[in-house]
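Trainee: Have a look at this one.
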Amino acid sequence: MYNKMWHQTQEALNSLLDKESQKITEPQRNQVFIFQTLATFYIKYVQIFRNLENVYDQIIHPQKRILIRKILDGVMGRILELKNEMVELEFTEFHYFDDIVQDLKLAPQQLDIPIPKYFLKEKLEVIKGREKILAQILADTGLEISHTEHPVKGISLEEAIKLIQIAERARQGRLRALFMKQIFLQEYRARQARILSEKIADVGAAALRIQKVWRGFHQCKKTEREREEEMVFLGMNPPPLFNEVSMTIIQAEKVTLLRNEVQMKHEEDYREAMVTIKGDLQLIEGPDIKENLQDQIRHWLIECRNLTGTFPNYPDVEEGGSAIIFSDKTPQQVVDDIIANQEEEEKNKSKKKEKEKEKKAKKDKEKKGTKEKAKEEDEGWKMSPSVFLPTMEEGNNTYKDMWKNKDESWNFPQDYDPEMIKEEKRKELESEIRVQVDELMRQELKNLKLAVNREKELPVKTRKKRGKNEKKGKKGKREKKGKEKDLTADRSIESLYKELVEEGLLIPALKVSLSDYIGEYSYLGTTLRQVFIEPMPSLLDVRQLITLYGILPLGSAAVHEKAPLVKSLLLAGPSGVGKKMLVHAICTETGANLFNLSAANIAGKYPGKSGLQMMLHMVLKVARQLQPSVVWIGDTEKTFYKKVPSVERTMEPKRLKNQLPKILKLLKPNDRILIVGTTHRPFDAELHSFCRVYQKIILVPRPDYASRYVLWKDIIQRNGGVITSALNISCLAKVTDGFTQGHIVQVVSSVLTDRRLRQQTQKPLIAMEFIAALSSMSPVYQEEEESFKDWYAKTPMGKKRTLALTEGNAGKEKGKGKKKAKKVKKEKKKK
């Protein structure tokens, strides 16, 4: 099944790579067409990524998994590149593909980017070990996060007896009341029976009354059942047993676990086979390879001697030794290269004169280059070159050559292929033996020179070496200047880690997955943008950006090194929209360490300039060593205050303001460190320095109606509530306009107590219970949301976006004006 899925996905990828190679060469001017092209590629790559991620997680052949992983990382990186292209084209972080999704006949859920499971699976033991160490340090220092326990007060013996007496008397009173009620009902039934016995019994009337009641009851039940079936058919109500886990799903989960076990076993067997097969090859084929290499090199030495009259200089180890001479070349080609080198030496003298001519030619080329650039601008937009396309093409070609038409009928258990391992290890073995052969042949060449030519090696010129050393020294000095000084060279990473935990700068991340950030898609985004109205992003759009900018680059080192680098991220939005939850979700999904450098958390710690430098050095050193890492700055507007309030002056909130840009400069592509800031009052900060530090700004909105509907439903069920027809969730979603996810969670947890959950069978939940709890909370009003929009419009990306929208409106008005002018001319001609 998964092999078939892989073959189908590879075919789709092959066709997509062909289309993309054609589109890159074609310049375009129409911005709408450009965006449609980029969005189509983006959506198709997302579909391929979803399939490849599933295949890589479940396929058990170890050698196939290596190739799939390579292609998977390539596709992941290409998705990030296309996203970057769309951002630069439209000057916005949020994009809507409603029309394209409809044309491709896809559901909106298929645009959701999955988080590869290998991010955690491949380093599960490391993460568990780190969590144990962190918990141990917290327990030793007394900083362990303990569950809130209510203190129990002791009472005297007399008070305890009194309480027991009260409870016992209440129990007896309830029993007496129940007994009296039964006696009263018996007497009432006897009295009614005496009254009825006095009347003449009409059997027909009694039967008619019974029929009426029964038929009415039966019809009501039938109508209710038909209405329920209709609602299920329309998709407005869940089917029966919807919340219960079916046996098929349980069986599928068991099969998945078994596949994972087999996968691990095959991986271990593959690693062992790599070692054993290489050892066998060394014993059997090693001597033959050594003899062939020696014969080949001797033949080359003799040919050179015959052609030039002297023995050639043997290539150094740094240059690659004899591998440079014989890399995919026949002996005749090697001889031709020697003759060509001699001719080049003769031409070197005449080259000096040509250099002056080349300088003049360069100037002319530069002038031509400026003209060509101007021509390119006139030609239109071209897609920027991709770093990941060669990787995907290489993986695709490897698939075609090795796996597409491979007969695997002999390999039913999908274990490793020994012949493929032999091919790989032969090359490794040859390179290892070549190093030994080179040492022997260098000595042999010296002996030949002494014996045959009676030549002595000329002493190596010291001037050249000095020049090289001087250059290296200069480079070294430059590198040293650029590098950061190690202030803790005498300390181990374990001691630094422990100190950061004790100081509260390294904190345990909450176990929250990104899928817990619930929301719904925005279905009107494209429609609103066509009318030049900027829609407010939905919660799932925010979740998508967190995956693209935070989780995928941090999870994969290969992607982080080559993809468009995102060093810092800002989450801005009102209180309670889940900004802190998203930070913890990034750490949970990637297994990252969480460093808390919020102004309130670092207040009073490591005082002075030297203390601050030491703190940041320790944080960066541990973050690099134990990457991936997330540096979280909560209430980050305090770090960039326009004016510090008098109440907060003692905590020095602006300590990190000048240090953060320096930290960002120190971060390189191979450092998987992400700085994440969260703020609910961005307008209190200096905008210029704020935007200089945070590379990407994501506006987190309050939930819309669709998201609130999903939130109410999911949170009630998670807290043990049962949703019945008596509970109108649509009404709750409508009434709670302006309330955030935090408000909804707080209300549900306050209403659904243990006692209320036990009463659900007799007393189903209704909307009024939740609305009563909401009345004491203040929502996020429209004015506050508008203030966030206005602030975002002042950021660099917001300014570009507003400018693009105004230009679009102006172009639209001009177009209308031209049409009106044409109509007027036509009317005049008619008259």
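Residues in the structure tokens are named by chain (A, B, ... in the order shown) and by number from 1 within that chain; ligands are numbered from 1 in the order shown.
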Can you tell me, as a PyMOL selection string, what residues are no more than 10 Å from stretch 772-778 of chain A when counting only C-alpha atoms, ignoring any on the same chain fewer than 6 positions away?

Mentor: chain A and resi 735-736+738-739+743-744+746-748+750-751

Trainee: Save out the residues we just selected, C-alpha atoms, as a PDB file, in the first residue's frame.

Mentor:
```pdb
ATOM      1  CA  VAL A 735     -23.568  35.458  21.650  1.00  0.00           C
ATOM      2  CA  THR A 736     -19.839  35.174  22.447  1.00  0.00           C
ATOM      3  CA  GLY A 738     -15.618  39.296  20.903  1.00  0.00           C
ATOM      4  CA  PHE A 739     -14.714  36.711  23.530  1.00  0.00           C
ATOM      5  CA  HIS A 743     -12.604  33.203  28.003  1.00  0.00           C
ATOM      6  CA  ILE A 744     -14.314  30.120  26.543  1.00  0.00           C
ATOM      7  CA  GLN A 746     -12.400  29.558  31.600  1.00  0.00           C
ATOM      8  CA  VAL A 747     -16.210  29.508  31.319  1.00  0.00           C
ATOM      9  CA  VAL A 748     -16.424  25.809  30.409  1.00  0.00           C
ATOM     10  CA  SER A 750     -16.121  26.822  35.774  1.00  0.00           C
ATOM     11  CA  VAL A 751     -19.509  25.409  34.643  1.00  0.00           C
TER      12      VAL A 751
END
```

Trainee: What are the closest atom pairs, with distances in Å to one decimal, for all residues of stretch 525-607 of chain A lying within 7 Å of stretch 701-725 of chain A? Consider only C-alpha atoms, order rows by chain and residue number, and present the result as JSON lines.

Mentor:
```
{"residue": "A:Pro537", "atom": "CA", "partner": "A:Pro701", "partner_atom": "CA", "distance": 6.8}
{"residue": "A:Leu539", "atom": "CA", "partner": "A:Pro703", "partner_atom": "CA", "distance": 6.6}
{"residue": "A:Gly573", "atom": "CA", "partner": "A:Pro701", "partner_atom": "CA", "distance": 6.0}
{"residue": "A:Val577", "atom": "CA", "partner": "A:Arg702", "partner_atom": "CA", "distance": 6.1}
```

Trainee: Find the residues around A:Asn260 up to 10 Å (only C-alpha atoms counted), leave out those fewer than 6 positions away in its own chain, and share them as a ChimeraX atom specification.

Mentor: /A:57-60,121,254,266

Trainee: Where in stretch 628-715 of chain A does DSSP assign alpha helix (DSSP H), given as a list in words?

Mentor: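 Written out, the alpha helix (DSSP H) residues of stretch 628-715 of chain A are Gln659, Leu660, Pro661, Lys662, Ile663, Leu664, Lys665, Leu666, Leu687, His688, Ser689, Phe690, Cys691, Arg692, Val693, Tyr705, Ala706, Ser707, Arg708, Tyr709, Val710, Leu711, Trp712, Lys713, Asp714 and Ile715 of chain A.
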
Trainee: In Å, how far is it from atom CA of A:Met5 to atom CA of A:Phe49?

Mentor: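 Calculated distance between atom CA of A:Met5 and atom CA of A:Phe49 is 12.2 Å.
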
Trainee: Step one, run DSSP on the backbone; step two, keep only residues of stretch 416-643 of chain A assigned to strand (DSSP E or B); then write them as a JSON list (two decimals) with N, CA, C and O atoms, in the first residue's frame.

Mentor:
```json
[["chain", "number", "residue", "atom", "x", "y", "z"],
["A", 506, "LEU", "N", 15.71, 28.81, 31.99],
["A", 506, "LEU", "CA", 15.37, 27.64, 31.16],
["A", 506, "LEU", "C", 14.22, 26.93, 31.85],
["A", 506, "LEU", "O", 14.36, 26.43, 32.98],
["A", 507, "ILE", "N", 13.07, 26.93, 31.20],
["A", 507, "ILE", "CA", 11.85, 26.41, 31.84],
["A", 507, "ILE", "C", 11.30, 25.21, 31.07],
["A", 507, "ILE", "O", 11.54, 25.09, 29.86],
["A", 568, "SER", "N", 13.61, 35.47, 13.94],
["A", 568, "SER", "CA", 12.75, 35.99, 15.01],
["A", 568, "SER", "C", 11.31, 36.10, 14.53],
["A", 568, "SER", "O", 11.05, 36.30, 13.34],
["A", 569, "LEU", "N", 10.41, 36.00, 15.49],
["A", 569, "LEU", "CA", 8.97, 35.91, 15.21],
["A", 569, "LEU", "C", 8.23, 36.66, 16.31],
["A", 569, "LEU", "O", 8.55, 36.51, 17.49],
["A", 570, "LEU", "N", 7.26, 37.48, 15.92],
["A", 570, "LEU", "CA", 6.46, 38.21, 16.91],
["A", 570, "LEU", "C", 5.00, 37.82, 16.78],
["A", 570, "LEU", "O", 4.44, 37.86, 15.68],
["A", 571, "LEU", "N", 4.39, 37.45, 17.89],
["A", 571, "LEU", "CA", 2.96, 37.13, 17.94],
["A", 571, "LEU", "C", 2.27, 38.26, 18.68],
["A", 571, "LEU", "O", 2.47, 38.45, 19.88],
["A", 572, "ALA", "N", 1.47, 39.05, 17.95],
["A", 572, "ALA", "CA", 0.78, 40.20, 18.54],
["A", 572, "ALA", "C", -0.72, 39.98, 18.47],
["A", 572, "ALA", "O", -1.24, 39.58, 17.43],
["A", 593, "ASN", "N", 14.28, 23.25, 23.49],
["A", 593, "ASN", "CA", 14.41, 23.84, 24.82],
["A", 593, "ASN", "C", 13.72, 25.20, 24.82],
["A", 593, "ASN", "O", 13.72, 25.90, 23.81],
["A", 594, "LEU", "N", 13.20, 25.61, 25.97],
["A", 594, "LEU", "CA", 12.50, 26.89, 26.08],
["A", 594, "LEU", "C", 13.23, 27.78, 27.08],
["A", 594, "LEU", "O", 13.32, 27.46, 28.27],
["A", 595, "PHE", "N", 13.74, 28.90, 26.57],
["A", 595, "PHE", "CA", 14.42, 29.90, 27.41],
["A", 595, "PHE", "C", 13.48, 31.10, 27.58],
["A", 595, "PHE", "O", 12.97, 31.62, 26.59],
["A", 596, "ASN", "N", 13.28, 31.52, 28.81],
["A", 596, "ASN", "CA", 12.37, 32.63, 29.11],
["A", 596, "ASN", "C", 13.19, 33.88, 29.46],
["A", 596, "ASN", "O", 13.75, 33.99, 30.53],
["A", 629, "SER", "N", 16.26, 25.25, 19.82],
["A", 629, "SER", "CA", 15.92, 26.01, 21.02],
["A", 629, "SER", "C", 15.04, 27.19, 20.65],
["A", 629, "SER", "O", 15.16, 27.74, 19.55],
["A", 630, "VAL", "N", 14.17, 27.56, 21.59],
["A", 630, "VAL", "CA", 13.28, 28.71, 21.43],
["A", 630, "VAL", "C", 13.57, 29.68, 22.57],
["A", 630, "VAL", "O", 13.54, 29.29, 23.74],
["A", 631, "VAL", "N", 13.85, 30.93, 22.21],
["A", 631, "VAL", "CA", 14.06, 31.99, 23.20],
["A", 631, "VAL", "C", 12.79, 32.83, 23.22],
["A", 631, "VAL", "O", 12.48, 33.51, 22.24],
["A", 632, "TRP", "N", 12.05, 32.75, 24.32],
["A", 632, "TRP", "CA", 10.75, 33.42, 24.42],
["A", 632, "TRP", "C", 10.88, 34.70, 25.22],
["A", 632, "TRP", "O", 11.46, 34.71, 26.31],
["A", 633, "ILE", "N", 10.34, 35.79, 24.68],
["A", 633, "ILE", "CA", 10.31, 37.08, 25.37],
["A", 633, "ILE", "C", 8.85, 37.48, 25.51],
["A", 633, "ILE", "O", 8.23, 38.01, 24.57],
["A", 634, "GLY", "N", 8.27, 37.18, 26.66],
["A", 634, "GLY", "CA", 6.87, 37.51, 26.93],
["A", 634, "GLY", "C", 6.71, 38.99, 27.24],
["A", 634, "GLY", "O", 7.61, 39.61, 27.80],
["A", 641, "TYR", "N", 9.84, 49.78, 25.33],
["A", 641, "TYR", "CA", 8.96, 50.86, 25.78],
["A", 641, "TYR", "C", 9.36, 52.21, 25.18],
["A", 641, "TYR", "O", 10.55, 52.55, 25.09]]
```

Trainee: Just checking: using only C-alpha atoms, which residue out of A:Pro508, A:Gly279, A:Gly321, A:Gly525 ends up closest to A:Ile297?

Mentor: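 Closest candidate: A:Gly321.
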
Trainee: Contacts of A:Glu267 at 12 Å or less, counting only C-alpha atoms, minus same-chain residues fewer than 2 places along, as a list in words?

Mentor: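 My reading of the contact set: Ile59, Ile60, His61, Pro62, Gln63, Lys64, Arg65, Ile66, Glu122, Asn260, Glu261, Val262, Gln263, Met264, Lys265, Asp269, Tyr270, Arg271, Glu272, Ala273, Met274, Gln414, Asp415 and Tyr416 of chain A.
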
Trainee: Save out the residues we just selected, C-alpha atoms, as a PDB file, in the first residue's frame.

Mentor:
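What landed in out.pdb:
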```pdb
ATOM      1  CA  ILE A  59       7.451   2.408   5.070  1.00  0.00           C
ATOM      2  CA  ILE A  60       9.845  -0.144   6.614  1.00  0.00           C
ATOM      3  CA  HIS A  61      12.547  -0.592   3.927  1.00  0.00           C
ATOM      4  CA  PRO A  62      15.627   1.211   5.382  1.00  0.00           C
ATOM      5  CA  GLN A  63      17.241   2.150   2.053  1.00  0.00           C
ATOM      6  CA  LYS A  64      13.996   3.504   0.634  1.00  0.00           C
ATOM      7  CA  ARG A  65      13.536   5.621   3.754  1.00  0.00           C
ATOM      8  CA  ILE A  66      16.931   7.316   3.209  1.00  0.00           C
ATOM      9  CA  GLU A 122      14.197  10.103  15.926  1.00  0.00           C
ATOM     10  CA  ASN A 260       7.170   1.126  13.818  1.00  0.00           C
ATOM     11  CA  GLU A 261       8.695  -1.818  15.681  1.00  0.00           C
ATOM     12  CA  VAL A 262       9.577  -3.592  12.413  1.00  0.00           C
ATOM     13  CA  GLN A 263      10.957  -0.296  11.073  1.00  0.00           C
ATOM     14  CA  MET A 264      13.310   0.037  14.054  1.00  0.00           C
ATOM     15  CA  LYS A 265      14.432  -3.597  13.744  1.00  0.00           C
ATOM     16  CA  ASP A 269      19.871  -4.727  10.872  1.00  0.00           C
ATOM     17  CA  TYR A 270      20.834  -2.226   8.152  1.00  0.00           C
ATOM     18  CA  ARG A 271      23.401  -0.500  10.397  1.00  0.00           C
ATOM     19  CA  GLU A 272      24.946  -3.863  11.358  1.00  0.00           C
ATOM     20  CA  ALA A 273      25.019  -4.967   7.715  1.00  0.00           C
ATOM     21  CA  MET A 274      26.863  -1.760   6.729  1.00  0.00           C
ATOM     22  CA  GLN A 414      11.143  -5.349   2.907  1.00  0.00           C
ATOM     23  CA  ASP A 415      14.542  -5.789   4.526  1.00  0.00           C
ATOM     24  CA  TYR A 416      17.770  -4.133   3.278  1.00  0.00           C
TER      25      TYR A 416
END
```

Trainee: Can you write out as CSV which residues of stretch 512-604 of chain A fall within 9 Å of stretch 386-401 of chain A, alongside each residue's closest atom pair and its distance in Å to one decimal, counting only C-alpha atoms and ordering rows by chain and ascending residue number?

Mentor:
```
residue,atom,partner,partner_atom,distance
A:Val559,CA,A:Phe388,CA,8.9
A:Lys562,CA,A:Val387,CA,6.7
A:Ala563,CA,A:Val387,CA,7.7
```

Trainee: One number please: atom CA of A:Glu253 to atom CA of A:Trp6, in Å, one decimal.

Mentor: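 According to the coordinates, atom CA of A:Glu253 and atom CA of A:Trp6 are separated by 20.7 Å.
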